>>> print(open('protein-v9.tsv').read())   # TSV, C-alpha atoms and all ligand atoms
chain	number	residue	atom	x	y	z
A	1	MET	CA	-22.00	-21.04	-10.82
A	2	LYS	CA	-25.04	-21.15	-8.64
A	3	GLY	CA	-23.19	-23.10	-5.99
A	4	ARG	CA	-20.42	-20.58	-5.92
A	5	ARG	CA	-22.75	-17.65	-5.32
A	6	THR	CA	-24.53	-19.56	-2.58
A	7	VAL	CA	-21.24	-20.23	-0.84
A	8	LEU	CA	-20.26	-16.60	-1.01
A	9	LEU	CA	-23.51	-15.37	0.40
A	10	GLY	CA	-23.47	-18.15	2.97
A	11	LEU	CA	-20.23	-16.72	4.27
A	12	GLY	CA	-22.04	-13.68	5.51
A	13	ALA	CA	-21.93	-11.58	2.36
A	14	ALA	CA	-18.19	-11.65	2.59
A	15	THR	CA	-17.30	-10.72	-0.95
A	16	GLY	CA	-18.59	-10.39	-4.44
A	17	LEU	CA	-17.06	-11.54	-7.67
A	18	GLY	CA	-15.65	-8.62	-9.59
A	19	ALA	CA	-14.67	-5.27	-8.25
A	20	VAL	CA	-16.22	-4.06	-5.01
A	21	ALA	CA	-17.39	-0.56	-4.27
A	22	ILE	CA	-16.60	0.67	-0.81
A	23	ALA	CA	-18.20	3.27	1.39
A	24	ASN	CA	-17.66	4.77	4.84
A	25	HIS	CA	-13.99	5.36	4.70
A	26	PHE	CA	-12.32	5.54	8.09
A	27	GLN	CA	-10.77	8.82	9.17
A	28	ASN	CA	-8.15	7.84	11.70
A	29	GLN	CA	-4.81	8.81	10.23
A	30	GLN	CA	-2.52	8.78	13.25
A	31	GLN	CA	1.04	7.70	12.93
A	32	SER	CA	2.08	4.82	15.17
A	33	ALA	CA	5.56	3.37	15.29
A	34	GLN	CA	6.10	-0.10	16.75
A	35	PRO	CA	6.93	0.12	20.49
A	36	PRO	CA	10.24	-1.37	21.68
A	37	LEU	CA	10.50	-5.13	22.20
A	38	GLU	CA	10.23	-4.94	26.02
A	39	ASP	CA	6.89	-3.22	25.71
A	40	ARG	CA	5.67	-5.62	23.10
A	41	GLN	CA	6.25	-8.54	25.48
A	42	LYS	CA	3.95	-7.05	28.08
A	43	VAL	CA	0.76	-8.99	28.42
A	44	ARG	CA	-1.78	-7.63	26.03
A	45	ASP	CA	-5.40	-8.46	26.16
A	46	PHE	CA	-6.17	-10.84	23.34
A	47	THR	CA	-9.08	-12.38	25.20
A	48	VAL	CA	-12.02	-13.14	22.98
A	49	VAL	CA	-15.55	-14.06	23.92
A	50	GLY	CA	-16.92	-17.45	22.93
A	51	LYS	CA	-15.56	-20.30	20.88
A	52	ALA	CA	-16.52	-19.12	17.39
A	53	THR	CA	-13.99	-19.99	14.69
A	54	LEU	CA	-11.89	-17.51	12.75
A	55	GLN	CA	-14.02	-17.88	9.64
A	56	GLU	CA	-17.19	-17.20	11.66
A	57	ARG	CA	-15.77	-14.11	13.36
A	58	ALA	CA	-14.53	-12.82	10.00
A	59	ALA	CA	-17.82	-13.54	8.24
A	60	ASN	CA	-19.69	-11.59	10.95
A	61	LYS	CA	-17.92	-8.54	9.59
A	62	GLY	CA	-18.15	-9.40	5.91
A	63	ILE	CA	-14.51	-10.52	5.88
A	64	ILE	CA	-13.26	-13.80	4.46
A	65	TYR	CA	-10.70	-15.77	6.48
A	66	GLY	CA	-8.79	-18.70	5.06
A	67	ALA	CA	-5.37	-20.33	4.88
A	68	ALA	CA	-2.94	-22.01	2.55
A	69	ALA	CA	-2.28	-25.72	2.94
A	70	GLN	CA	-0.39	-28.47	1.22
A	71	TYR	CA	-1.83	-31.66	-0.20
A	72	LYS	CA	0.13	-33.96	2.08
A	73	PRO	CA	-1.03	-32.87	5.54
A	74	LEU	CA	-4.59	-32.50	4.32
A	75	THR	CA	-4.59	-36.05	2.97
A	76	THR	CA	-2.67	-37.71	5.79
A	77	ASN	CA	-3.71	-35.91	8.96
A	78	LYS	CA	-7.44	-36.17	9.57
A	79	ARG	CA	-7.43	-33.95	12.63
A	80	PHE	CA	-5.60	-31.26	10.72
A	81	ALA	CA	-8.09	-31.50	7.85
A	82	GLN	CA	-10.96	-31.18	10.34
A	83	HIS	CA	-9.48	-28.14	12.01
A	84	PHE	CA	-8.78	-26.64	8.63
A	85	ALA	CA	-12.36	-27.00	7.47
A	86	GLN	CA	-13.63	-25.59	10.78
A	87	GLU	CA	-11.46	-22.49	10.94
A	88	CYS	CA	-11.19	-21.59	7.26
A	89	ALA	CA	-13.60	-20.33	4.63
A	90	VAL	CA	-10.93	-20.50	1.93
A	91	LEU	CA	-8.35	-23.07	0.94
A	92	VAL	CA	-5.31	-21.99	-1.07
A	93	PRO	CA	-3.00	-24.74	-2.35
A	94	ALA	CA	0.45	-23.63	-1.21
A	95	ASN	CA	2.29	-25.29	-4.11
A	96	GLU	CA	-0.11	-27.52	-6.00
A	97	LEU	CA	-1.15	-24.98	-8.65
A	98	LYS	CA	2.34	-23.77	-9.41
A	99	TRP	CA	3.95	-24.60	-12.76
A	100	LYS	CA	6.45	-26.93	-11.14
A	101	THR	CA	3.70	-29.14	-9.75
A	102	LEU	CA	1.27	-28.91	-12.66
A	103	ARG	CA	3.75	-29.27	-15.51
A	104	PRO	CA	5.91	-32.40	-15.23
A	105	THR	CA	6.74	-32.10	-18.96
A	106	PRO	CA	6.15	-29.38	-21.57
A	107	GLU	CA	3.27	-31.39	-23.01
A	108	LYS	CA	1.61	-32.76	-19.88
A	109	PHE	CA	-0.44	-31.35	-17.05
A	110	ASN	CA	-0.84	-33.19	-13.75
A	111	PHE	CA	-3.91	-32.05	-11.89
A	112	SER	CA	-4.20	-34.93	-9.44
A	113	ARG	CA	-3.28	-32.95	-6.30
A	114	SER	CA	-5.06	-29.73	-7.18
A	115	ASP	CA	-8.20	-31.64	-8.19
A	116	TRP	CA	-8.21	-33.42	-4.84
A	117	MET	CA	-7.88	-30.09	-3.06
A	118	ALA	CA	-10.69	-28.54	-5.14
A	119	GLU	CA	-12.91	-31.42	-4.09
A	120	PHE	CA	-11.89	-31.05	-0.47
A	121	ALA	CA	-12.87	-27.38	-0.58
A	122	GLN	CA	-16.18	-28.15	-2.23
A	123	LYS	CA	-16.99	-30.96	0.20
A	124	HIS	CA	-16.42	-28.64	3.14
A	125	ASN	CA	-18.25	-25.71	1.59
A	126	MET	CA	-15.07	-23.67	1.37
A	127	LEU	CA	-13.96	-21.25	-1.31
A	128	PHE	CA	-10.97	-22.36	-3.36
A	129	ARG	CA	-8.30	-19.84	-4.34
A	130	GLY	CA	-5.70	-20.22	-7.08
A	131	HIS	CA	-2.02	-19.45	-6.56
A	132	THR	CA	-0.39	-18.67	-8.99
A	133	LEU	CA	-0.43	-18.45	-12.79
A	134	VAL	CA	2.63	-16.31	-13.49
A	135	TRP	CA	5.66	-16.25	-11.20
A	136	TYR	CA	9.40	-16.28	-11.72
A	137	GLN	CA	9.83	-19.05	-9.13
A	138	ALA	CA	8.56	-22.63	-9.06
A	139	LEU	CA	9.08	-23.07	-12.79
A	140	PRO	CA	9.78	-26.62	-13.96
A	141	LYS	CA	13.32	-27.70	-14.83
A	142	TRP	CA	12.47	-27.99	-18.53
A	143	PHE	CA	11.31	-24.36	-18.71
A	144	GLU	CA	14.66	-22.81	-19.50
A	145	ASP	CA	15.45	-25.20	-22.35
A	146	LYS	CA	12.01	-25.24	-23.89
A	147	VAL	CA	10.59	-21.75	-23.58
A	148	ASN	CA	11.99	-19.05	-25.85
A	149	ARG	CA	10.94	-15.70	-27.33
A	150	LYS	CA	9.11	-17.40	-30.17
A	151	ASN	CA	6.93	-19.73	-28.13
A	152	ALA	CA	6.66	-17.93	-24.77
A	153	GLU	CA	3.31	-16.32	-25.52
A	154	LYS	CA	1.90	-19.69	-26.57
A	155	PHE	CA	3.20	-21.36	-23.39
A	156	LEU	CA	1.81	-18.62	-21.19
A	157	THR	CA	-1.63	-18.37	-22.76
A	158	GLU	CA	-2.04	-22.12	-23.12
A	159	HIS	CA	-1.09	-22.62	-19.49
A	160	ILE	CA	-3.54	-20.00	-18.28
A	161	ASN	CA	-6.33	-21.23	-20.55
A	162	THR	CA	-5.92	-24.85	-19.52
A	163	VAL	CA	-5.64	-24.24	-15.79
A	164	VAL	CA	-8.19	-21.45	-15.42
A	165	GLN	CA	-10.78	-23.15	-17.61
A	166	ARG	CA	-10.41	-26.39	-15.69
A	167	TYR	CA	-11.28	-24.64	-12.43
A	168	ALA	CA	-13.79	-22.13	-13.80
A	169	GLY	CA	-16.69	-22.10	-11.35
A	170	LYS	CA	-14.50	-23.77	-8.70
A	171	ILE	CA	-11.72	-21.27	-8.14
A	172	TYR	CA	-13.34	-17.98	-7.11
A	173	SER	CA	-10.14	-15.94	-7.17
A	174	TRP	CA	-6.73	-16.23	-8.82
A	175	ASP	CA	-3.33	-14.75	-8.10
A	176	VAL	CA	-2.75	-14.11	-11.79
A	177	VAL	CA	0.70	-12.55	-11.46
A	178	ASN	CA	2.91	-12.93	-8.40
A	179	GLU	CA	5.85	-10.69	-7.39
A	180	ALA	CA	6.40	-8.80	-10.65
A	181	ILE	CA	7.81	-5.66	-9.03
A	182	LEU	CA	11.30	-5.19	-7.65
A	183	PRO	CA	12.25	-1.54	-7.25
A	184	ASN	CA	15.37	-0.42	-9.12
A	185	SER	CA	15.61	-3.55	-11.23
A	186	SER	CA	14.25	-1.89	-14.36
A	187	LYS	CA	12.65	1.31	-15.59
A	188	GLN	CA	9.15	0.71	-14.29
A	189	GLY	CA	10.43	-1.31	-11.37
A	190	LEU	CA	9.54	-4.55	-13.11
A	191	ARG	CA	11.47	-7.49	-11.71
A	192	GLN	CA	13.86	-9.21	-14.13
A	193	THR	CA	12.09	-12.50	-14.68
A	194	PRO	CA	11.99	-15.05	-17.49
A	195	TRP	CA	8.59	-13.65	-18.45
A	196	LEU	CA	9.85	-10.08	-18.74
A	197	ARG	CA	12.86	-11.23	-20.73
A	198	LEU	CA	10.80	-13.36	-23.09
A	199	LEU	CA	7.69	-11.24	-23.53
A	200	GLY	CA	8.46	-7.71	-22.41
A	201	ALA	CA	6.42	-5.63	-19.96
A	202	ASP	CA	3.12	-6.59	-21.58
A	203	TYR	CA	3.23	-10.10	-20.14
A	204	ILE	CA	1.31	-8.88	-17.10
A	205	GLU	CA	-1.53	-7.47	-19.13
A	206	MET	CA	-1.55	-10.54	-21.36
A	207	ALA	CA	-1.89	-12.82	-18.34
A	208	PHE	CA	-4.86	-10.90	-16.91
A	209	ARG	CA	-6.68	-10.70	-20.24
A	210	THR	CA	-6.17	-14.40	-20.88
A	211	ALA	CA	-7.36	-15.34	-17.39
A	212	ALA	CA	-10.46	-13.15	-17.72
A	213	ALA	CA	-11.39	-14.76	-21.01
A	214	ALA	CA	-10.87	-18.24	-19.53
A	215	ASP	CA	-13.12	-17.51	-16.52
A	216	PRO	CA	-14.99	-14.22	-16.71
A	217	GLN	CA	-16.37	-14.73	-13.18
A	218	ALA	CA	-13.11	-15.16	-11.29
A	219	LEU	CA	-11.63	-12.37	-9.19
A	220	LEU	CA	-8.25	-11.60	-10.72
A	221	ILE	CA	-5.58	-10.46	-8.32
A	222	TYR	CA	-2.08	-9.02	-8.59
A	223	ASN	CA	-0.11	-10.38	-5.62
A	224	ASP	CA	3.15	-9.07	-4.17
A	225	ASN	CA	5.39	-9.04	-1.09
A	226	ASN	CA	7.37	-6.47	0.92
A	227	LEU	CA	4.66	-3.82	0.90
A	228	GLU	CA	4.05	-3.53	4.63
A	229	TYR	CA	6.94	-1.90	6.48
A	230	ASP	CA	8.25	1.60	6.88
A	231	ASN	CA	11.52	2.07	5.03
A	232	ALA	CA	12.63	3.75	1.85
A	233	LYS	CA	12.82	0.54	-0.17
A	234	THR	CA	9.32	-0.52	0.80
A	235	GLU	CA	7.97	2.95	0.13
A	236	THR	CA	9.42	2.77	-3.39
A	237	LYS	CA	7.94	-0.66	-3.84
A	238	ARG	CA	4.47	0.53	-2.78
A	239	ASP	CA	4.82	3.36	-5.26
A	240	ARG	CA	5.85	1.04	-8.09
A	241	VAL	CA	3.03	-1.37	-7.37
A	242	LEU	CA	0.52	1.47	-7.27
A	243	LYS	CA	1.80	2.76	-10.60
A	244	LEU	CA	1.52	-0.70	-12.11
A	245	LEU	CA	-2.07	-1.00	-10.88
A	246	GLU	CA	-2.87	2.46	-12.26
A	247	ARG	CA	-1.40	1.55	-15.64
A	248	LEU	CA	-3.38	-1.69	-15.80
A	249	LYS	CA	-6.63	0.01	-14.79
A	250	SER	CA	-6.15	2.87	-17.25
A	251	LYS	CA	-5.71	0.35	-20.06
A	252	GLY	CA	-8.91	-1.43	-19.11
A	253	VAL	CA	-7.09	-4.61	-18.05
A	254	PRO	CA	-9.45	-6.94	-16.13
A	255	ILE	CA	-7.90	-6.79	-12.66
A	256	HIS	CA	-10.01	-6.79	-9.52
A	257	GLY	CA	-7.66	-6.57	-6.60
A	258	LEU	CA	-4.29	-6.41	-4.95
A	259	GLY	CA	-2.97	-9.25	-2.81
A	260	ILE	CA	-0.57	-8.12	-0.10
A	261	GLN	CA	1.36	-11.19	1.00
A	262	SER	CA	2.13	-9.93	4.52
A	263	HIS	CA	4.98	-12.26	5.47
A	264	LEU	CA	5.89	-10.26	8.56
A	265	GLY	CA	8.74	-10.44	11.04
A	266	ALA	CA	8.51	-10.35	14.82
A	267	SER	CA	11.64	-8.20	15.11
A	268	SER	CA	10.88	-5.75	12.36
A	269	ARG	CA	10.66	-2.09	13.15
A	270	GLY	CA	6.96	-1.80	12.70
A	271	PHE	CA	4.47	-0.12	10.50
A	272	ASN	CA	3.86	3.45	9.65
A	273	ALA	CA	0.12	3.64	10.09
A	274	LYS	CA	-0.29	6.74	8.01
A	275	ARG	CA	1.77	5.53	5.05
A	276	LEU	CA	0.21	2.08	5.05
A	277	ARG	CA	-3.32	3.46	5.28
A	278	ASN	CA	-2.66	5.93	2.50
A	279	PHE	CA	-1.39	3.13	0.32
A	280	LEU	CA	-4.45	1.00	1.00
A	281	LYS	CA	-6.68	4.00	0.33
A	282	ASP	CA	-4.91	4.72	-2.97
A	283	VAL	CA	-5.34	1.11	-4.08
A	284	ALA	CA	-9.01	1.15	-3.05
A	285	SER	CA	-9.57	4.36	-4.98
A	286	LEU	CA	-8.71	2.46	-8.17
A	287	ASP	CA	-11.83	0.40	-7.50
A	288	LEU	CA	-9.71	-2.57	-6.46
A	289	GLN	CA	-10.31	-4.80	-3.50
A	290	ILE	CA	-7.45	-5.73	-1.19
A	291	LEU	CA	-6.63	-9.18	0.10
A	292	ILE	CA	-4.08	-10.12	2.71
A	293	THR	CA	-2.94	-13.29	1.03
A	294	GLU	CA	-0.06	-14.97	2.86
A	295	MET	CA	0.20	-13.71	6.40
A	296	ASP	CA	2.61	-15.24	8.90
A	297	VAL	CA	5.15	-13.89	11.41
A	298	SER	CA	8.71	-15.17	11.37
A	299	GLU	CA	10.87	-15.00	14.49
A	300	THR	CA	14.45	-15.81	13.56
A	301	LYS	CA	15.87	-13.05	15.73
A	302	LEU	CA	13.79	-13.52	18.87
A	303	LEU	CA	15.37	-15.24	21.85
A	304	VAL	CA	13.73	-18.30	23.35
A	305	ALA	CA	13.65	-16.32	26.59
A	306	ASP	CA	11.48	-13.69	24.91
A	307	ASP	CA	7.78	-14.16	25.20
A	308	ARG	CA	7.64	-15.14	21.57
A	309	ASP	CA	3.94	-15.94	21.41
A	310	THR	CA	2.98	-12.55	22.82
A	311	ILE	CA	5.27	-10.69	20.46
A	312	ILE	CA	4.02	-12.64	17.44
A	313	ALA	CA	0.39	-12.18	18.49
A	314	GLY	CA	1.09	-8.46	18.87
A	315	VAL	CA	2.29	-8.27	15.27
A	316	TYR	CA	-0.87	-10.02	14.06
A	317	HIS	CA	-3.08	-7.68	16.06
A	318	ASP	CA	-1.24	-4.46	15.16
A	319	TYR	CA	-1.11	-5.26	11.48
A	320	LEU	CA	-4.61	-6.61	11.08
A	321	SER	CA	-6.26	-3.80	13.04
A	322	LEU	CA	-4.44	-1.32	10.86
A	323	ALA	CA	-5.21	-3.09	7.58
A	324	LEU	CA	-8.83	-3.85	8.43
A	325	ASP	CA	-9.45	-0.16	9.08
A	326	GLU	CA	-9.52	0.12	5.31
A	327	PRO	CA	-12.91	-1.18	4.15
A	328	ALA	CA	-11.48	-2.42	0.83
A	329	VAL	CA	-9.52	-5.05	2.77
A	330	ASN	CA	-12.02	-7.88	2.77
A	331	THR	CA	-9.94	-11.06	3.00
A	332	VAL	CA	-7.30	-12.38	5.39
A	333	ILE	CA	-5.41	-15.53	4.47
A	334	THR	CA	-2.62	-16.95	6.60
A	335	TRP	CA	0.15	-18.93	4.91
A	336	GLY	CA	-0.72	-22.10	6.76
A	337	LEU	CA	-2.91	-22.77	9.77
A	338	SER	CA	-0.74	-24.80	12.12
A	339	ASP	CA	2.91	-24.36	13.14
A	340	ARG	CA	3.28	-28.07	12.47
A	341	TYR	CA	3.28	-27.47	8.71
A	342	THR	CA	4.67	-23.96	8.28
A	343	TRP	CA	7.03	-23.31	5.36
A	344	LEU	CA	9.05	-21.10	7.74
A	345	SER	CA	10.50	-24.22	9.41
A	346	HIS	CA	12.56	-24.56	6.24
A	347	PHE	CA	12.66	-21.06	4.83
A	348	ALA	CA	13.36	-19.12	8.05
A	349	PRO	CA	14.26	-21.59	10.81
A	350	ARG	CA	15.65	-20.48	14.15
A	351	GLN	CA	19.43	-20.83	14.57
A	352	ASP	CA	18.95	-22.75	17.82
A	353	GLY	CA	16.68	-25.32	16.16
A	354	VAL	CA	13.71	-24.48	18.38
A	355	PRO	CA	10.55	-24.86	16.28
A	356	VAL	CA	9.05	-21.60	15.00
A	357	ARG	CA	5.53	-20.55	15.97
A	358	PRO	CA	4.26	-18.24	13.21
A	359	LEU	CA	0.63	-19.35	12.79
A	360	PRO	CA	-2.75	-19.34	14.62
A	361	LEU	CA	-2.64	-23.00	15.75
A	362	ASP	CA	0.36	-24.63	17.44
A	363	ALA	CA	1.93	-27.90	16.32
A	364	GLU	CA	-0.65	-29.85	18.36
A	365	LEU	CA	-3.43	-27.94	16.58
A	366	GLU	CA	-4.34	-25.98	19.71
A	367	ARG	CA	-5.39	-22.36	19.39
A	368	LYS	CA	-2.65	-20.06	20.63
A	369	LEU	CA	-2.19	-16.36	21.27
A	370	ALA	CA	-1.80	-15.58	17.55
A	371	TRP	CA	-5.23	-17.18	17.03
A	372	ASN	CA	-6.70	-14.89	19.72
A	373	ALA	CA	-5.04	-11.85	18.17
A	374	ILE	CA	-6.58	-12.59	14.76
A	375	ALA	CA	-9.94	-13.40	16.33
A	376	SER	CA	-9.96	-10.15	18.30
A	377	ALA	CA	-8.92	-8.11	15.24
A	378	PHE	CA	-11.95	-9.58	13.42
A	379	ASP	CA	-14.22	-8.93	16.42
A	380	GLN	CA	-13.07	-5.30	16.52
A	381	ALA	CA	-13.26	-4.67	12.76
A	382	SER	CA	-16.10	-2.61	11.40
A	383	PRO	CA	-18.50	-4.43	9.13
A	384	ARG	CA	-17.60	-4.23	5.46
A	385	ASN	CA	-19.92	-2.37	3.22
A	386	ILE	CA	-19.74	-4.35	0.04
A	387	LYS	CA	-21.70	-3.94	-3.12
A	388	TYR	CA	-22.13	-7.12	-5.09
A	389	ASN	CA	-21.12	-7.13	-8.66
A	390	PHE	CA	-22.17	-10.41	-10.19
B	401	LIG	C1	6.18	-21.25	-0.61
B	401	LIG	C2	5.62	-22.58	-0.11
B	401	LIG	O1	4.89	-22.37	1.07
B	401	LIG	C3	6.76	-23.54	0.15
B	401	LIG	O2	6.25	-24.82	0.50
B	401	LIG	C4	7.64	-23.67	-1.09
B	401	LIG	O3	8.75	-24.48	-0.81
B	401	LIG	C5	8.11	-22.30	-1.54
B	401	LIG	O4	6.99	-21.45	-1.74
B	401	LIG	N1	5.49	-16.26	-1.45
B	401	LIG	C6	4.65	-16.95	-2.28
B	401	LIG	C7	4.39	-18.39	-2.04
B	401	LIG	O5	3.99	-16.34	-3.14
B	401	LIG	O6	4.16	-19.09	-3.24
B	401	LIG	C8	5.53	-19.04	-1.29
B	401	LIG	O7	5.14	-20.38	-0.96
B	401	LIG	C9	5.86	-18.24	-0.06
B	401	LIG	C10	6.31	-16.84	-0.44
>>> encode(input="protein-v9.tsv", output="C-alpha cells")
Amino acid sequence: MKGRRTVLLGLGAATGLGAVAIANHFQNQQQSAQPPLEDRQKVRDFTVVGKATLQERAANKGIIYGAAAQYKPLTTNKRFAQHFAQECAVLVPANELKWKTLRPTPEKFNFSRSDWMAEFAQKHNMLFRGHTLVWYQALPKWFEDKVNRKNAEKFLTEHINTVVQRYAGKIYSWDVVNEAILPNSSKQGLRQTPWLRLLGADYIEMAFRTAAAADPQALLIYNDNNLEYDNAKTETKRDRVLKLLERLKSKGVPIHGLGIQSHLGASSRGFNAKRLRNFLKDVASLDLQILITEMDVSETKLLVADDRDTIIAGVYHDYLSLALDEPAVNTVITWGLSDRYTWLSHFAPRQDGVPVRPLPLDAELERKLAWNAIASAFDQASPRNIKYNF
C-alpha cells in the first residue's frame, strides 16, 4: 500500500484513490463544430518546448498519462519497452486480464502474462491498470457451455474475487464493467450480453460491490465507448450512461469514475463542444472522476494524399483540449503507444494496405505529430485541483 501511495504522489499529485472532489469549473461553453477536411490539413502549430515526456507533461498538470500494451512486444522488443517506460505513467494490459486470457478452463486461472506485466510496471515505477472484469467480449470458448443461470453469480464473483485480490495493492484502478450500454437494446439501454441474460440488470452492481470488497483501495471504473461525437445515437448513449451512473450512485454502489474509451476517427464529423462539456460536467457532478481510457484515431477513409498525420494530430488536440477543460478528467490513456503494435492494423486497416498511424509514436518509435498534439494539450491544460481521498 505504501508503495502505491508513493508512486501516486511521485507522479505530481496526479490522482487519489477513491472519488475526487473538483473545484474551479471552467466556464467556456462555446459550440465548435469540426472544420472541413481541407482546413484540418492546414499546418497547425503543435510545436512544444523541450524534450519532456508525455507522462512528465501530464504530471505537471496533475494528469496521468499512460498507454495499453500487449505482453509480446513488451517482452520481445527492448527499445519499445524502454520507450514505454519513459513516456507512460500507467500500463494497461490490452488483453492479458480478459477472461479469455486468464481462464483457459473453467477451473484454472493463468496469470503468467499479467503477473509479468505487473512486475514490469512495478520495476519501472508505473501504475498498473486492470482491464476488464466484466465484458461481453473476450469470453473463453467454454463459457457458453459451462455458465448458466444457476452458477453465473458464482462464476462472476469468484472471478472478480480471485483476480482483484491477486492484484490488490498492485492494480490502482479497474475497469469493472466494460460496454454495458447499447441504446435501444433494452428498457434501460442495457446491452444484451450473456451477463444480462444470466443475471439480470443487477450484474453491474454485483460486480462493483464484489470488486470493492476484494480491494477496497482500488478505483472502480465503468468504461464505455461511443460517447464522444455529435449525433442522435451518441446523445442517447450519453444519456443512458449518465442514467446508469446516477442509478448506481443513488444505490450507494462503490463506483469512482467513468472511463470514456475515445476510439476516434479522423473523418468523423467532429465534436459538439457544448454537449460534450455538459456531459462531462454532469458526470463530474455525481462525484465521479473521468478517465480517457483507450484513445486512438483511426483513418480508414483518409486518402494517402491527405496529410494524414496533421489530421490525426488535429483530432488528438481538439478532443483532448476539450476534454481536459473539465477538471474531473484526470487521466489520458492511449490504446497503444506505437503504430507498430496498434490493434487498428487488424481491426480497422486501410483498404490500400498502407499502414495506419493512429498513435503518438510511429512504427520506428519516433515521436510524431500526434505525440506533439498530446504534449501540447497537456502543456495547455490547467492544473487539476484534486483532493486526496485515501
Ligand atoms: C482490443 C485489443 O486491443 C485487441 O488486441 C483485441 O484483439 C480486441 O480487443 N475496446 C476495448 C478493448 O475495451 O478491450 C479492445 O481491445 C478495444 C476496444
>>> residues_near_ligand(input="protein-v9.tsv", ligand="ligand LIG 401 (chain B)", cutoff="6 Å", atoms="only C-alpha atoms and all ligand atoms", output="list in words")
Ala94, Asn95 and Trp343 of chain A
>>> closest_residue(input="protein-v9.tsv", among="A:Leu337, A:Ala85, A:Ala377, A:Ile160", to="A:Ala69", atoms="only C-alpha atoms")
A:Leu337
>>> atom_distance(input="protein-v9.tsv", atom1="atom CA of A:Thr234", atom2="atom CA of A:Leu182")
9.9 Å
>>> atom_distance(input="protein-v9.tsv", atom1="atom CA of A:Asp175", atom2="atom CA of A:Thr132")
5.0 Å
>>> closest_residue(input="protein-v9.tsv", among="A:Pro73, A:Pro358, A:Pro140, A:Gly62", to="A:Lys98", atoms="only C-alpha atoms")
A:Pro140
>>> atom_distance(input="protein-v9.tsv", atom1="atom CA of A:Pro216", atom2="atom CA of A:Val92")
20.0 Å
>>> residues_around(input="protein-v9.tsv", residues="A:Asn226", least_positions_apart="3", cutoff="8 Å", atoms="all atoms listed in the file", output="MDAnalysis selection string")
chainID A and resid 229 234 237 261:263
>>> closest_residue(input="protein-v9.tsv", among="A:Thr53, A:Asn225, A:Ser267, A:Thr101", to="A:Leu303", atoms="all atoms listed in the file")
A:Ser267
>>> closest_residue(input="protein-v9.tsv", among="A:Gln55, A:Asn151, A:Asn125, A:Ser298", to="A:Ala375", atoms="only C-alpha atoms")
A:Gln55
>>> closest_residue(input="protein-v9.tsv", among="A:Asp282, A:Glu179, A:Glu119, A:Asp296", to="A:Ile374", atoms="all atoms listed in the file")
A:Asp296
>>> residues_around(input="protein-v9.tsv", residues="A:Phe120", least_positions_apart="3", cutoff="10 Å", atoms="all atoms listed in the file", output="list in words")
Leu74, Thr75, Ala81, Ala85, Leu91, Ser114, Asp115, Trp116, Met117, Lys123, His124, Asn125, Met126 and Phe128 of chain A
>>> axis_aligned_box(input="protein-v9.tsv", around="stretch 273-286 of chain A", padding_each_side="3 Å", output="lines of an AutoDock Vina configuration file")
center_x = -3.9
center_y = 3.9
center_z = 1.0
size_x = 17.3
size_y = 11.7
size_z = 24.3
>>> residues_near_point(input="protein-v9.tsv", point="(-11.9, -19.2, -12.2)", cutoff="8 Å", atoms="all atoms listed in the file", output="mmCIF file with C-alpha atoms, in the coordinates of the input")
data_model
loop_
_atom_site.group_PDB
_atom_site.id
_atom_site.type_symbol
_atom_site.label_atom_id
_atom_site.label_comp_id
_atom_site.auth_asym_id
_atom_site.auth_seq_id
_atom_site.Cartn_x
_atom_site.Cartn_y
_atom_site.Cartn_z
ATOM 1 C CA VAL A 164 -8.190 -21.450 -15.420
ATOM 2 C CA GLN A 165 -10.780 -23.150 -17.610
ATOM 3 C CA TYR A 167 -11.280 -24.640 -12.430
ATOM 4 C CA ALA A 168 -13.790 -22.130 -13.800
ATOM 5 C CA GLY A 169 -16.690 -22.100 -11.350
ATOM 6 C CA LYS A 170 -14.500 -23.770 -8.700
ATOM 7 C CA ILE A 171 -11.720 -21.270 -8.140
ATOM 8 C CA TYR A 172 -13.340 -17.980 -7.110
ATOM 9 C CA SER A 173 -10.140 -15.940 -7.170
ATOM 10 C CA TRP A 174 -6.730 -16.230 -8.820
ATOM 11 C CA ALA A 211 -7.360 -15.340 -17.390
ATOM 12 C CA ALA A 214 -10.870 -18.240 -19.530
ATOM 13 C CA ASP A 215 -13.120 -17.510 -16.520
ATOM 14 C CA PRO A 216 -14.990 -14.220 -16.710
ATOM 15 C CA GLN A 217 -16.370 -14.730 -13.180
ATOM 16 C CA ALA A 218 -13.110 -15.160 -11.290
ATOM 17 C CA LEU A 219 -11.630 -12.370 -9.190
#
>>> closest_residue(input="protein-v9.tsv", among="A:Gly336, A:Ala207, A:Pro355, A:Asp318", to="A:Val90", atoms="all atoms listed in the file")
A:Gly336
>>> residues_around(input="protein-v9.tsv", residues="A:Arg384", least_positions_apart="3", cutoff="8 Å", atoms="all atoms listed in the file", output="PyMOL selection string")
chain A and resi 14+61-63+327-328+330
>>> residues_around(input="protein-v9.tsv", residues="stretch 185-193 of chain A", least_positions_apart="4", cutoff="8 Å", atoms="only C-alpha atoms", output="ChimeraX atom specification")
/A:136,179-181,197,201,237,240
>>> residues_around(input="protein-v9.tsv", residues="A:Phe271", least_positions_apart="2", cutoff="12 Å", atoms="only C-alpha atoms", output="compact mmCIF listing (two decimals) with C-alpha atoms, keeping the file's coordinate frame")
# COMPACT_ATOMS: atom_id res chain seq x y z
CA GLN A 30 -2.52 8.78 13.25
CA GLN A 31 1.04 7.70 12.93
CA SER A 32 2.08 4.82 15.17
CA ALA A 33 5.56 3.37 15.29
CA GLN A 34 6.10 -0.10 16.75
CA PRO A 35 6.93 0.12 20.49
CA ASN A 226 7.37 -6.47 0.92
CA LEU A 227 4.66 -3.82 0.90
CA GLU A 228 4.05 -3.53 4.63
CA TYR A 229 6.94 -1.90 6.48
CA ASP A 230 8.25 1.60 6.88
CA ASN A 231 11.52 2.07 5.03
CA THR A 234 9.32 -0.52 0.80
CA GLU A 235 7.97 2.95 0.13
CA SER A 262 2.13 -9.93 4.52
CA LEU A 264 5.89 -10.26 8.56
CA GLY A 265 8.74 -10.44 11.04
CA ALA A 266 8.51 -10.35 14.82
CA SER A 267 11.64 -8.20 15.11
CA SER A 268 10.88 -5.75 12.36
CA ARG A 269 10.66 -2.09 13.15
CA ALA A 273 0.12 3.64 10.09
CA LYS A 274 -0.29 6.74 8.01
CA ARG A 275 1.77 5.53 5.05
CA LEU A 276 0.21 2.08 5.05
CA ARG A 277 -3.32 3.46 5.28
CA VAL A 315 2.29 -8.27 15.27
CA TYR A 316 -0.87 -10.02 14.06
CA ASP A 318 -1.24 -4.46 15.16
CA TYR A 319 -1.11 -5.26 11.48
CA LEU A 320 -4.61 -6.61 11.08
CA SER A 321 -6.26 -3.80 13.04
CA LEU A 322 -4.44 -1.32 10.86
CA ALA A 323 -5.21 -3.09 7.58
